[in-house]
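**Student:** As input, take my_file.txt (compact mmCIF, C-alpha atoms):
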# COMPACT_ATOMS: atom_id res chain seq x y z
CA MET A 1 35.35 -5.20 -47.08
CA PRO A 2 35.05 -5.16 -50.91
CA PRO A 3 32.94 -2.52 -52.63
CA THR A 4 29.39 -3.53 -53.54
CA THR A 5 29.63 -2.29 -57.16
CA LEU A 6 32.27 -2.37 -59.84
CA GLN A 7 30.70 -0.18 -62.53
CA LEU A 8 31.78 -2.29 -65.50
CA ASP A 9 31.98 -0.42 -68.75
CA PRO A 10 28.97 -1.05 -71.05
CA ALA A 11 30.87 -3.38 -73.38
CA ALA A 12 32.08 -5.65 -70.55
CA ALA A 13 28.62 -5.67 -68.96
CA ARG A 14 26.96 -6.60 -72.27
CA ALA A 15 29.52 -9.36 -72.88
CA LEU A 16 28.93 -10.84 -69.42
CA ARG A 17 25.15 -10.71 -69.72
CA ALA A 18 25.32 -12.33 -73.14
CA ARG A 19 27.14 -15.30 -71.60
CA LEU A 20 24.78 -15.76 -68.64
CA PRO A 21 22.72 -18.61 -70.20
CA GLU A 22 25.92 -20.47 -71.11
CA VAL A 23 27.49 -19.88 -67.68
CA SER A 24 24.30 -21.00 -66.00
CA GLU A 25 24.30 -24.31 -67.87
CA SER A 26 28.01 -24.79 -67.13
CA VAL A 27 27.36 -24.31 -63.42
CA VAL A 28 24.52 -26.86 -63.49
CA ALA A 29 26.61 -29.39 -65.40
CA ALA A 30 29.56 -29.01 -63.01
CA VAL A 31 27.35 -29.45 -59.93
CA VAL A 32 25.81 -32.62 -61.38
CA ALA A 33 29.25 -33.99 -62.23
CA GLU A 34 31.06 -33.10 -59.01
CA VAL A 35 28.47 -33.36 -56.23
CA PRO A 36 27.15 -36.96 -56.04
CA SER A 37 23.93 -35.96 -54.27
CA TYR A 38 22.90 -34.01 -57.37
CA SER A 39 23.50 -36.75 -59.93
CA ALA A 40 19.78 -37.47 -60.25
CA ALA A 41 18.43 -34.11 -59.11
CA PHE A 42 17.93 -32.66 -62.57
CA SER A 43 15.63 -35.45 -63.67
CA GLY A 44 13.22 -34.74 -60.82
CA PRO A 45 10.78 -31.98 -59.85
CA MET A 46 13.55 -29.82 -58.33
CA ALA A 47 15.37 -29.47 -61.66
CA GLN A 48 13.63 -26.30 -62.80
CA THR A 49 13.81 -24.74 -59.35
CA ILE A 50 17.58 -25.23 -59.26
CA ARG A 51 18.10 -23.93 -62.82
CA THR A 52 15.95 -20.88 -62.07
CA ALA A 53 17.86 -20.18 -58.85
CA VAL A 54 21.21 -20.38 -60.65
CA ALA A 55 20.13 -18.07 -63.50
CA LEU A 56 18.53 -15.62 -61.06
CA ALA A 57 21.65 -15.55 -58.89
CA LEU A 58 23.97 -14.83 -61.84
CA ALA A 59 21.73 -12.08 -63.20
CA GLY A 60 21.30 -10.64 -59.72
CA PHE A 61 25.05 -10.59 -59.21
CA LEU A 62 25.66 -8.58 -62.38
CA ASP A 63 22.92 -6.13 -61.47
CA ARG A 64 24.46 -5.74 -58.03
CA VAL A 65 28.04 -5.03 -59.19
CA SER A 66 27.15 -3.06 -62.33
CA PRO A 67 23.59 -1.72 -62.38
CA SER A 68 22.42 -1.22 -65.94
CA ARG A 69 20.25 1.52 -67.33
CA GLY A 70 17.27 1.07 -69.55
CA ARG A 71 16.19 -2.31 -68.12
CA ARG A 72 14.52 -3.47 -64.96
CA PRO A 73 17.19 -4.92 -62.64
CA VAL A 74 16.87 -8.19 -60.72
CA THR A 75 16.14 -7.15 -57.16
CA GLU A 76 18.12 -8.26 -54.11
CA GLU A 77 14.87 -9.47 -52.59
CA SER A 78 14.09 -11.78 -55.49
CA VAL A 79 17.62 -13.23 -55.52
CA ARG A 80 17.61 -13.90 -51.78
CA SER A 81 14.08 -15.27 -51.95
CA GLY A 82 15.20 -17.66 -54.68
CA ALA A 83 18.18 -18.79 -52.60
CA TYR A 84 15.98 -19.30 -49.54
CA SER A 85 13.44 -21.32 -51.54
CA LEU A 86 16.28 -23.39 -52.98
CA GLY A 87 17.47 -24.26 -49.48
CA ARG A 88 13.99 -25.32 -48.38
CA GLY A 89 13.52 -27.37 -51.52
CA GLU A 90 16.83 -29.13 -51.02
CA ALA A 91 15.81 -30.08 -47.48
CA ARG A 92 12.50 -31.47 -48.76
CA ALA A 93 14.43 -33.45 -51.38
CA GLY A 94 16.52 -35.02 -48.62
CA ARG A 95 19.84 -33.43 -49.53
CA SER A 96 22.07 -32.30 -46.70
CA MET A 97 23.48 -28.83 -46.06
CA ASP A 98 26.93 -30.23 -46.84
CA ALA A 99 25.75 -31.16 -50.32
CA LEU A 100 24.18 -27.73 -50.77
CA LEU A 101 27.35 -25.90 -49.71
CA ALA A 102 29.44 -28.13 -51.97
CA ALA A 103 27.16 -27.20 -54.86
CA TYR A 104 27.67 -23.51 -54.08
CA ARG A 105 31.45 -23.93 -54.01
CA VAL A 106 31.47 -25.71 -57.37
CA GLY A 107 29.07 -23.15 -58.84
CA ALA A 108 31.19 -20.23 -57.62
CA ARG A 109 34.35 -21.69 -59.12
CA VAL A 110 32.79 -22.38 -62.52
CA ALA A 111 30.95 -19.05 -62.67
CA TRP A 112 34.06 -17.12 -61.66
CA ARG A 113 36.21 -18.84 -64.28
CA ALA A 114 33.76 -18.13 -67.10
CA MET A 115 32.96 -14.55 -66.09
CA SER A 116 36.57 -13.58 -65.38
CA ASP A 117 37.63 -14.86 -68.80
CA THR A 118 34.91 -12.75 -70.40
CA ALA A 119 35.80 -9.70 -68.29
CA VAL A 120 39.47 -9.93 -69.21
CA GLU A 121 38.59 -10.33 -72.89
CA ALA A 122 36.44 -7.20 -72.55
CA GLY A 123 39.48 -5.25 -71.27
CA LEU A 124 38.97 -5.33 -67.48
CA SER A 125 42.23 -4.37 -65.76
CA ALA A 126 44.05 -6.71 -63.37
CA ASP A 127 43.26 -4.67 -60.24
CA ARG A 128 39.58 -4.56 -61.20
CA VAL A 129 39.60 -8.32 -61.86
CA VAL A 130 40.73 -8.79 -58.25
CA ILE A 131 37.81 -6.66 -57.03
CA PHE A 132 35.55 -8.63 -59.36
CA ALA A 133 36.70 -11.90 -57.74
CA GLU A 134 36.08 -10.54 -54.25
CA LEU A 135 32.57 -9.51 -55.24
CA VAL A 136 31.81 -12.92 -56.78
CA PHE A 137 32.81 -14.90 -53.71
CA ALA A 138 31.24 -12.44 -51.24
CA PHE A 139 27.99 -12.74 -53.20
CA ILE A 140 28.17 -16.55 -53.16
CA ASP A 141 28.85 -16.54 -49.41
CA ASP A 142 25.80 -14.36 -48.88
CA LEU A 143 23.53 -16.56 -51.00
CA SER A 144 24.80 -19.80 -49.49
CA ALA A 145 24.05 -18.44 -46.00
CA VAL A 146 20.50 -17.60 -47.09
CA SER A 147 20.05 -21.08 -48.58
CA VAL A 148 21.38 -22.71 -45.43
CA ALA A 149 18.82 -20.71 -43.43
CA GLY A 150 16.08 -21.97 -45.73
CA HIS A 151 17.36 -25.54 -45.39
CA SER A 152 17.43 -25.30 -41.59
CA ASP A 153 13.98 -23.69 -41.40
CA GLU A 154 12.50 -26.42 -43.57
CA LEU A 155 13.98 -29.18 -41.46
CA GLU A 156 12.79 -27.49 -38.27
CA THR A 157 9.31 -26.98 -39.68
CA THR A 158 9.14 -30.53 -41.01
CA GLY A 159 10.34 -31.86 -37.67
CA ARG A 160 7.68 -29.91 -35.77
CA VAL A 161 4.93 -31.07 -38.13
CA ARG A 162 6.10 -34.68 -37.84
CA GLU A 163 6.28 -34.38 -34.05
CA ARG A 164 2.73 -32.98 -33.88
CA LEU A 165 1.43 -35.75 -36.14
CA ARG A 166 3.13 -38.41 -34.03
CA GLU A 167 1.63 -37.01 -30.84
CA ARG A 168 -1.74 -36.97 -32.58
CA LEU A 169 -1.18 -40.63 -33.53
CA GLY A 170 -0.33 -41.44 -29.92
CA ARG A 171 -3.53 -39.80 -28.69
CA ALA A 172 -5.54 -41.69 -31.31
CA LEU A 173 -4.08 -45.01 -30.16
CA LEU A 174 -4.67 -44.22 -26.48
CA SER A 175 -8.30 -43.33 -27.14
CA GLY A 176 -8.88 -46.51 -29.15
CA ALA A 177 -9.47 -44.80 -32.51
CA PRO A 178 -10.50 -47.00 -35.47
CA ASP A 179 -7.62 -48.88 -37.08
CA ASP A 180 -8.04 -47.11 -40.43
CA ASP A 181 -7.72 -43.69 -38.77
CA ALA A 182 -4.58 -44.75 -36.89
CA LEU A 183 -3.00 -46.16 -40.05
CA ARG A 184 -3.73 -42.97 -41.97
CA VAL A 185 -2.13 -40.74 -39.32
CA ALA A 186 0.86 -43.11 -39.07
CA ARG A 187 1.51 -42.70 -42.80
CA ARG A 188 1.27 -38.92 -42.59
CA ALA A 189 3.64 -38.90 -39.61
CA GLU A 190 6.17 -41.06 -41.50
CA TRP A 191 6.00 -43.58 -38.67
CA GLU A 192 6.52 -47.26 -39.46
CA PRO A 193 4.12 -49.27 -37.26
CA PRO A 194 5.94 -51.82 -35.04
CA ASP A 195 4.58 -55.19 -34.03
CA ARG A 196 3.94 -54.13 -30.43
CA LEU A 197 3.89 -51.10 -28.16
CA THR A 198 4.37 -50.71 -24.42
CA ALA A 199 2.85 -47.79 -22.52
CA VAL A 200 5.02 -46.13 -19.88
CA LEU A 201 3.87 -43.30 -17.59
CA VAL A 202 6.62 -40.92 -16.47
CA ALA A 203 7.15 -37.36 -15.28
CA PRO A 204 8.02 -34.82 -18.02
CA ALA A 205 11.57 -34.40 -16.67
CA GLU A 206 12.30 -38.09 -17.30
CA VAL A 207 11.32 -38.17 -20.98
CA ARG A 208 14.55 -37.01 -22.64
CA GLY A 209 16.77 -39.33 -20.60
CA ILE A 210 14.59 -42.36 -21.34
CA LEU A 211 14.39 -41.67 -25.07
CA THR A 212 18.16 -41.20 -25.24
CA ALA A 213 18.78 -44.44 -23.35
CA LEU A 214 16.49 -46.34 -25.74
CA GLY A 215 18.52 -45.29 -28.79
CA ALA A 216 16.79 -46.10 -32.11
CA ALA A 217 13.62 -47.20 -30.33
CA GLY A 218 13.56 -43.87 -28.51
CA ALA A 219 13.53 -42.01 -31.83
CA GLU A 220 10.39 -43.93 -32.86
CA THR A 221 8.66 -43.71 -29.48
CA LEU A 222 5.35 -41.85 -29.51
CA VAL A 223 5.26 -39.16 -26.82
CA VAL A 224 1.87 -37.92 -25.60
CA THR A 225 1.97 -34.95 -23.25
CA GLU A 226 -1.68 -33.92 -23.08
CA GLU A 227 -5.25 -34.65 -24.13
CA ALA A 228 -4.94 -38.40 -23.60
CA PRO A 229 -7.97 -40.01 -21.89
CA ASP A 230 -7.72 -39.62 -18.09
CA LEU A 231 -4.06 -38.55 -18.27
CA PRO A 232 -3.07 -37.07 -14.88
CA ASP A 233 -1.35 -33.69 -14.66
CA ASP A 234 2.45 -33.69 -14.92
CA THR A 235 2.42 -37.13 -16.53
CA VAL A 236 3.68 -38.08 -19.99
CA VAL A 237 2.80 -41.27 -21.87
CA LEU A 238 5.53 -43.01 -23.84
CA LEU A 239 4.43 -45.65 -26.35
CA ILE A 240 7.66 -47.59 -26.87
CA PRO A 241 7.95 -49.87 -29.92
CA ASP A 242 9.28 -53.43 -29.91
CA VAL A 243 11.58 -53.26 -26.88
CA GLY A 244 11.78 -56.34 -24.67
CA ARG A 245 10.67 -56.10 -21.07
CA PRO A 246 14.14 -56.78 -19.59
CA VAL A 247 15.54 -53.83 -21.55
CA LEU A 248 12.69 -51.58 -20.47
CA ARG A 249 13.12 -52.59 -16.83
CA ARG A 250 16.85 -51.81 -16.96
CA THR A 251 16.16 -48.46 -18.60
CA LEU A 252 13.50 -47.49 -16.05
CA ARG A 253 14.86 -49.11 -12.89
CA ASP A 254 16.12 -45.90 -11.25
CA ARG A 255 13.14 -43.80 -12.30
CA GLN A 256 9.64 -43.13 -11.03
CA ALA A 257 7.66 -44.82 -13.80
CA VAL A 258 4.73 -47.15 -14.44
CA LEU A 259 5.41 -49.87 -17.01
CA GLY A 260 2.35 -51.25 -18.76
CA PRO A 261 2.08 -54.60 -20.59
CA GLU A 262 3.24 -55.10 -24.16
CA ARG A 263 0.36 -55.10 -26.65
CA PRO A 264 -0.15 -55.12 -30.47
CA TRP A 265 0.37 -51.54 -31.61
CA LEU A 266 -3.27 -50.97 -32.55
CA ALA A 267 -4.27 -52.20 -29.07
CA ALA A 268 -1.90 -49.84 -27.22
CA SER A 269 -4.84 -48.37 -25.29
CA ALA A 270 -5.03 -51.62 -23.26
CA SER A 271 -1.43 -51.14 -22.09
CA TYR A 272 -2.19 -47.51 -21.24
CA ARG A 273 -5.35 -48.30 -19.26
CA ARG A 274 -3.55 -50.87 -17.13
CA ALA A 275 -0.67 -48.48 -16.47
CA LEU A 276 -3.19 -45.84 -15.39
CA ARG A 277 -4.75 -48.25 -12.89
CA ALA A 278 -1.34 -49.23 -11.56
CA GLN A 279 -0.45 -45.59 -10.97
CA ALA A 280 -2.78 -45.67 -7.95
CA LEU A 281 -0.86 -48.52 -6.28
CA PRO A 282 1.09 -47.59 -3.12
CA ALA A 283 4.51 -48.22 -4.67
CA VAL A 284 7.71 -46.19 -5.05
CA GLY A 285 10.08 -46.18 -8.02
CA LEU A 286 9.42 -48.41 -11.01
CA VAL A 287 5.99 -50.04 -10.96
CA ASP A 288 5.88 -53.00 -13.35
CA THR A 289 2.24 -53.93 -13.88
CA GLU A 290 3.24 -57.57 -14.50
CA GLU A 291 4.26 -57.77 -10.83
CA HIS A 292 0.95 -56.40 -9.51
CA LEU A 293 -1.65 -58.33 -11.52
CA ALA A 294 -3.52 -59.67 -8.49
CA GLU A 295 -3.78 -56.20 -6.94
CA LEU A 296 -4.93 -54.77 -10.26
CA VAL A 297 -7.58 -57.45 -10.66
CA LEU A 298 -8.86 -56.87 -7.14
CA GLY A 299 -8.83 -53.11 -7.64
CA ALA A 300 -10.46 -53.11 -11.06
CA ASP A 301 -13.82 -52.23 -9.47
CA ALA A 302 -13.10 -50.68 -6.09
CA ASP A 303 -16.78 -50.21 -5.20
CA ALA A 304 -17.54 -53.87 -5.99
CA LEU A 305 -14.64 -54.97 -3.76
CA VAL A 306 -15.95 -52.83 -0.87
CA ASP A 307 -19.43 -54.34 -1.30
CA LEU A 308 -17.99 -57.87 -1.47
CA ARG A 309 -16.01 -57.37 1.74
CA ALA A 310 -19.02 -55.94 3.54
CA ARG A 311 -21.20 -58.90 2.54
CA VAL A 312 -18.86 -61.84 3.08
CA LEU A 313 -17.33 -60.45 6.30
CA ALA A 314 -20.71 -59.52 7.79
CA PRO A 315 -20.48 -62.31 10.47
CA LEU A 316 -17.51 -60.42 11.99
CA GLU A 317 -19.30 -57.09 12.13
CA PRO A 318 -20.96 -57.48 15.60
CA LEU A 319 -17.62 -58.13 17.31
CA ARG A 320 -15.58 -55.52 19.18
CA PRO A 321 -12.97 -53.86 16.88
CA ALA A 322 -10.00 -55.58 18.51
CA SER A 323 -11.58 -59.03 18.27
CA ARG A 324 -12.77 -58.32 14.71
CA ASP A 325 -9.27 -57.32 13.63
CA LYS A 326 -7.65 -60.45 15.11
CA LEU A 327 -10.18 -62.83 13.55
CA THR A 328 -10.01 -61.06 10.19
CA GLU A 329 -6.24 -61.45 10.05
CA THR A 330 -6.52 -65.07 11.22
CA LEU A 331 -9.11 -65.84 8.52
CA ARG A 332 -6.91 -64.26 5.86
CA ALA A 333 -3.84 -66.24 6.97
CA TRP A 334 -5.87 -69.46 7.23
CA LEU A 335 -7.12 -69.06 3.67
CA LEU A 336 -3.70 -68.15 2.25
CA CYS A 337 -1.99 -71.05 4.09
CA GLN A 338 -4.75 -73.48 3.08
CA GLY A 339 -5.59 -74.32 6.68
CA ARG A 340 -2.06 -75.41 7.73
CA ARG A 341 -2.10 -74.46 11.44
CA ASP A 342 1.67 -74.22 11.95
CA ASP A 343 2.07 -72.01 8.85
CA VAL A 344 -0.74 -69.76 10.06
CA ALA A 345 0.88 -69.49 13.49
CA ALA A 346 4.25 -68.59 11.96
CA LEU A 347 2.65 -65.96 9.72
CA LEU A 348 0.79 -64.36 12.65
CA PHE A 349 3.58 -64.85 15.23
CA VAL A 350 1.24 -66.68 17.62
CA HIS A 351 1.09 -70.16 19.17
CA PRO A 352 -0.62 -72.93 17.13
CA GLN A 353 -3.10 -73.37 19.98
CA THR A 354 -4.09 -69.73 19.57
CA VAL A 355 -4.73 -70.42 15.88
CA ARG A 356 -6.84 -73.47 16.80
CA TYR A 357 -8.92 -71.39 19.20
CA ARG A 358 -9.46 -68.54 16.70
CA VAL A 359 -10.36 -70.91 13.83
CA GLY A 360 -12.91 -72.49 16.16
CA GLN A 361 -14.42 -69.04 16.69
CA LEU A 362 -14.48 -68.44 12.92
CA ARG A 363 -16.31 -71.73 12.34
CA GLU A 364 -18.91 -70.71 14.87
CA LEU A 365 -19.40 -67.37 13.05
CA PHE A 366 -19.26 -68.59 9.41
CA GLY A 367 -20.56 -72.15 9.81
CA ASP A 368 -20.54 -74.32 6.68
CA ARG A 369 -19.45 -71.39 4.47
CA LEU A 370 -15.81 -72.14 5.33
CA ASP A 371 -16.24 -75.46 3.50
CA ASP A 372 -18.19 -74.06 0.53
CA PRO A 373 -15.84 -73.48 -2.48
CA ASP A 374 -17.86 -70.52 -3.75
CA ALA A 375 -17.90 -68.87 -0.32
CA VAL A 376 -14.19 -69.54 0.13
CA LEU A 377 -13.48 -67.93 -3.26
CA GLU A 378 -15.38 -64.81 -2.19
CA LEU A 379 -13.49 -64.69 1.11
CA VAL A 380 -10.15 -65.04 -0.72
CA LEU A 381 -11.06 -62.18 -3.03
CA ALA A 382 -12.30 -60.03 -0.16
CA LEU A 383 -9.16 -60.60 1.89
CA GLY A 384 -6.60 -61.23 -0.86
CA ALA A 385 -5.43 -57.61 -1.21
CA ARG A 386 -3.91 -56.47 2.06
CA SER A 387 -5.87 -53.64 3.59
CA SER A 388 -6.67 -52.35 7.01
CA PRO A 389 -8.11 -55.20 9.09
CA SER A 390 -11.27 -53.30 9.81
CA GLN A 391 -12.27 -53.18 6.15
Please rewrite the model in this file as structure tokens.
**Tutor:**
Amino acid sequence: MPPTTLQLDPAAARALRARLPEVSESVVAAVVAEVPSYSAAFSGPMAQTIRTAVALALAGFLDRVSPSRGRRPVTEESVRSGAYSLGRGEARAGRSMDALLAAYRVGARVAWRAMSDTAVEAGLSADRVVIFAELVFAFIDDLSAVSVAGHSDELETTGRVRERLRERLGRALLSGAPDDDALRVARRAEWEPPDRLTAVLVAPAEVRGILTALGAAGAETLVVTEEAPDLPDDTVVLLIPDVGRPVLRRTLRDRQAVLGPERPWLAASASYRRALRAQALPAVGLVDTEEHLAELVLGADADALVDLRARVLAPLEPLRPASRDKLTETLRAWLLCQGRRDDVAALLFVHPQTVRYRVGQLRELFGDRLDDPDAVLELVLALGARSSPSQ
């Protein structure tokens, strides 16, 4: 491990410090020329930050290897703080860690060349020049590590903030927030609104696999894990942008999920509400709401459906349970088969004469209502969703 100080003689130290402004500008010029990502950096708001960081690092290095007397030294804390801030600023500017490390390598080479020339001119011996080189590159390694930490922390922080804003946007859409509010949050979350969104309800353990399978669309999917209206426990809402239904079905086919309808992105709450209703259906695996529309319509107001059944099936109520069940099933089959006796018999696994007898009983109980279109519609609705015969 190299020593941390070199104790340059006063003349060499003064010569090096006198050249710091020149060396600093040389470093900046070399970075601009050799690292493409920095070609426009010094015309923007980061220019002064970068120049300050370079000058501070050079001065801090000299104070580290050869502390001077009679002047206030640049502290290690200020140098490292400058390097950390530089890393965060570079992340905000959109430059990668590779670009940042390349800039450090170029800066180290240029600074070493200029300072070693000055040190040799000031009479530094060859063995001390070697130590000087070790100190320069150890110092640069230290600062680059600090800057990389700042770069990583900024990206992580930015990612968390963006993720929180996108979840907030998802909750706003699910709750039906005003369009202006949703647009404002979308801009803050750096989320480009798609044409349409599809709500999918899944268990938390399924989320990562689904997002990965969706590729680019998965990266832009809004994930809502809590505080959505009526969201059940252990359920996550995915609002998936502009992915066709066949692709979604293939992605979800082996998963326990509820797939809502596709809707304009500002109307995503309609997709979510339908998916919520479909979650109560007695189905296993993927539940595609497009395949259960009749059941969803009939179940939209469960209390109303119970009342409708009670009213329109009242003529069957006085019968014994066994007789009531048989006639209820016969009435349902008769309605669904549009009165075709043989089809009704096949559906119920009975003889056509049995169907004729039971339909005769139904006509005695219901009278002209079996020929009234409005009454028939109510009977179809009451019996359309399969339920226990006694209902």
**Student:** Residues near Leu16 in chain A, anyone? I mean within 12 Å using all atoms listed in the file, not counting same-chain ones fewer than 6 positions away, as a count of residues only.
**Tutor:** 26
**Student:** Which of these residues is nearest to Ala283 in chain A, using all atoms listed in the file: A:Pro21, A:Gln256, A:Trp265, A:Ser271?
**Tutor:**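 So, comparing all the options, the nearest one is A:Gln256.
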**Student:** Give me, as CSV, the closest atom pair and its distance (Å, one decimal) for every residue of range 236-343 of chain A within a cut-off of 10 Å of range 190-210 of chain A, counting all atoms listed in the file, rows sorted by chain and rising number.
**Tutor:**
residue,atom,partner,partner_atom,distance
A:Val236,CA,A:Val202,CA,5.4
A:Val237,CA,A:Leu201,CA,4.9
A:Leu238,CA,A:Val200,CA,5.1
A:Leu239,CA,A:Ala199,CA,4.7
A:Ile240,CA,A:Thr198,CA,5.2
A:Pro241,CA,A:Leu197,CA,4.6
A:Asp242,CA,A:Arg196,CA,5.4
A:Val243,CA,A:Thr198,CA,8.0
A:Gly244,CA,A:Thr198,CA,9.3
A:Arg245,CA,A:Thr198,CA,8.9
A:Leu248,CA,A:Thr198,CA,9.3
A:Thr251,CA,A:Ile210,CA,6.9
A:Leu252,CA,A:Ile210,CA,7.4
A:Arg255,CA,A:Glu206,CA,7.6
A:Gln256,CA,A:Val202,CA,6.6
A:Ala257,CA,A:Val202,CA,4.8
A:Val258,CA,A:Leu201,CA,5.0
A:Leu259,CA,A:Val200,CA,4.7
A:Gly260,CA,A:Ala199,CA,5.1
A:Pro261,CA,A:Thr198,CA,5.9
A:Glu262,CA,A:Thr198,CA,4.5
A:Arg263,CA,A:Arg196,CA,5.3
A:Pro264,CA,A:Arg196,CA,4.2
A:Trp265,CA,A:Arg196,CA,4.6
A:Leu266,CA,A:Arg196,CA,8.2
A:Ala267,CA,A:Leu197,CA,8.3
A:Ala268,CA,A:Leu197,CA,6.0
A:Ser269,CA,A:Ala199,CA,8.2
A:Ala270,CA,A:Ala199,CA,8.8
A:Ser271,CA,A:Ala199,CA,5.5
A:Tyr272,CA,A:Ala199,CA,5.2
A:Arg273,CA,A:Ala199,CA,8.8
A:Arg274,CA,A:Ala199,CA,8.9
A:Ala275,CA,A:Leu201,CA,7.0
A:Leu276,CA,A:Leu201,CA,7.8
A:Ala278,CA,A:Leu201,CA,9.9
A:Gln279,CA,A:Leu201,CA,8.2
A:Leu286,CA,A:Val202,CA,9.7
A:Val287,CA,A:Leu201,CA,9.7
A:Asp288,CA,A:Val200,CA,9.5
**Student:** Please dump the current selection as a PDB file, in the frame of the given file; keep C-alpha atoms.
**Tutor:**
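Saved the output as again-v7.pdb:
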ATOM      1  CA  VAL A 236       3.680 -38.080 -19.990  1.00  0.00           C
ATOM      2  CA  VAL A 237       2.800 -41.270 -21.870  1.00  0.00           C
ATOM      3  CA  LEU A 238       5.530 -43.010 -23.840  1.00  0.00           C
ATOM      4  CA  LEU A 239       4.430 -45.650 -26.350  1.00  0.00           C
ATOM      5  CA  ILE A 240       7.660 -47.590 -26.870  1.00  0.00           C
ATOM      6  CA  PRO A 241       7.950 -49.870 -29.920  1.00  0.00           C
ATOM      7  CA  ASP A 242       9.280 -53.430 -29.910  1.00  0.00           C
ATOM      8  CA  VAL A 243      11.580 -53.260 -26.880  1.00  0.00           C
ATOM      9  CA  GLY A 244      11.780 -56.340 -24.670  1.00  0.00           C
ATOM     10  CA  ARG A 245      10.670 -56.100 -21.070  1.00  0.00           C
ATOM     11  CA  LEU A 248      12.690 -51.580 -20.470  1.00  0.00           C
ATOM     12  CA  THR A 251      16.160 -48.460 -18.600  1.00  0.00           C
ATOM     13  CA  LEU A 252      13.500 -47.490 -16.050  1.00  0.00           C
ATOM     14  CA  ARG A 255      13.140 -43.800 -12.300  1.00  0.00           C
ATOM     15  CA  GLN A 256       9.640 -43.130 -11.030  1.00  0.00           C
ATOM     16  CA  ALA A 257       7.660 -44.820 -13.800  1.00  0.00           C
ATOM     17  CA  VAL A 258       4.730 -47.150 -14.440  1.00  0.00           C
ATOM     18  CA  LEU A 259       5.410 -49.870 -17.010  1.00  0.00           C
ATOM     19  CA  GLY A 260       2.350 -51.250 -18.760  1.00  0.00           C
ATOM     20  CA  PRO A 261       2.080 -54.600 -20.590  1.00  0.00           C
ATOM     21  CA  GLU A 262       3.240 -55.100 -24.160  1.00  0.00           C
ATOM     22  CA  ARG A 263       0.360 -55.100 -26.650  1.00  0.00           C
ATOM     23  CA  PRO A 264      -0.150 -55.120 -30.470  1.00  0.00           C
ATOM     24  CA  TRP A 265       0.370 -51.540 -31.610  1.00  0.00           C
ATOM     25  CA  LEU A 266      -3.270 -50.970 -32.550  1.00  0.00           C
ATOM     26  CA  ALA A 267      -4.270 -52.200 -29.070  1.00  0.00           C
ATOM     27  CA  ALA A 268      -1.900 -49.840 -27.220  1.00  0.00           C
ATOM     28  CA  SER A 269      -4.840 -48.370 -25.290  1.00  0.00           C
ATOM     29  CA  ALA A 270      -5.030 -51.620 -23.260  1.00  0.00           C
ATOM     30  CA  SER A 271      -1.430 -51.140 -22.090  1.00  0.00           C
ATOM     31  CA  TYR A 272      -2.190 -47.510 -21.240  1.00  0.00           C
ATOM     32  CA  ARG A 273      -5.350 -48.300 -19.260  1.00  0.00           C
ATOM     33  CA  ARG A 274      -3.550 -50.870 -17.130  1.00  0.00           C
ATOM     34  CA  ALA A 275      -0.670 -48.480 -16.470  1.00  0.00           C
ATOM     35  CA  LEU A 276      -3.190 -45.840 -15.390  1.00  0.00           C
ATOM     36  CA  ALA A 278      -1.340 -49.230 -11.560  1.00  0.00           C
ATOM     37  CA  GLN A 279      -0.450 -45.590 -10.970  1.00  0.00           C
ATOM     38  CA  LEU A 286       9.420 -48.410 -11.010  1.00  0.00           C
ATOM     39  CA  VAL A 287       5.990 -50.040 -10.960  1.00  0.00           C
ATOM     40  CA  ASP A 288       5.880 -53.000 -13.350  1.00  0.00           C
TER      41      ASP A 288
END
**Student:** Report the distance between CA of Arg164 in chain A and CA of Ala189 in chain A in Å, rounded to one decimal place.
**Tutor:**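 Distance between the two atoms: 8.3 Å.
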**Student:** In terms of the shortest atom-to-atom distance over only C-alpha atoms, which of A:Leu296, A:Ala304, A:Leu316, A:Ala15 is closest to Gly123 in chain A?
**Tutor:** A:Ala15
**Student:** Anything within 10 Å of (-5.7, -63.2, 5.9): list those residues as a VMD selection string, counting only C-alpha atoms and sticking to the file's coordinates.
**Tutor:** chain A and resid 326 to 337 344 347 to 348 379 to 380 382 to 387 389
**Student:** Restrict the selected residues to C-alpha atoms and save them as a short mmCIF file (atom, residue, chain, number, x, y, z; two decimals), keeping the file's coordinate frame.
**Tutor:**
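What follows is the written file selection.cif:
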data_model
loop_
_atom_site.label_atom_id
_atom_site.label_comp_id
_atom_site.auth_asym_id
_atom_site.auth_seq_id
_atom_site.Cartn_x
_atom_site.Cartn_y
_atom_site.Cartn_z
CA LYS A 326 -7.65 -60.45 15.11
CA LEU A 327 -10.18 -62.83 13.55
CA THR A 328 -10.01 -61.06 10.19
CA GLU A 329 -6.24 -61.45 10.05
CA THR A 330 -6.52 -65.07 11.22
CA LEU A 331 -9.11 -65.84 8.52
CA ARG A 332 -6.91 -64.26 5.86
CA ALA A 333 -3.84 -66.24 6.97
CA TRP A 334 -5.87 -69.46 7.23
CA LEU A 335 -7.12 -69.06 3.67
CA LEU A 336 -3.70 -68.15 2.25
CA CYS A 337 -1.99 -71.05 4.09
CA VAL A 344 -0.74 -69.76 10.06
CA LEU A 347 2.65 -65.96 9.72
CA LEU A 348 0.79 -64.36 12.65
CA LEU A 379 -13.49 -64.69 1.11
CA VAL A 380 -10.15 -65.04 -0.72
CA ALA A 382 -12.30 -60.03 -0.16
CA LEU A 383 -9.16 -60.60 1.89
CA GLY A 384 -6.60 -61.23 -0.86
CA ALA A 385 -5.43 -57.61 -1.21
CA ARG A 386 -3.91 -56.47 2.06
CA SER A 387 -5.87 -53.64 3.59
CA PRO A 389 -8.11 -55.20 9.09
#
**Student:** CA of Val79 in chain A to CA of Ala53 in chain A: how many Å, to one decimal?
**Tutor:**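 Computing the Euclidean distance for CA of Val79 in chain A and CA of Ala53 in chain A yields 7.7 Å.
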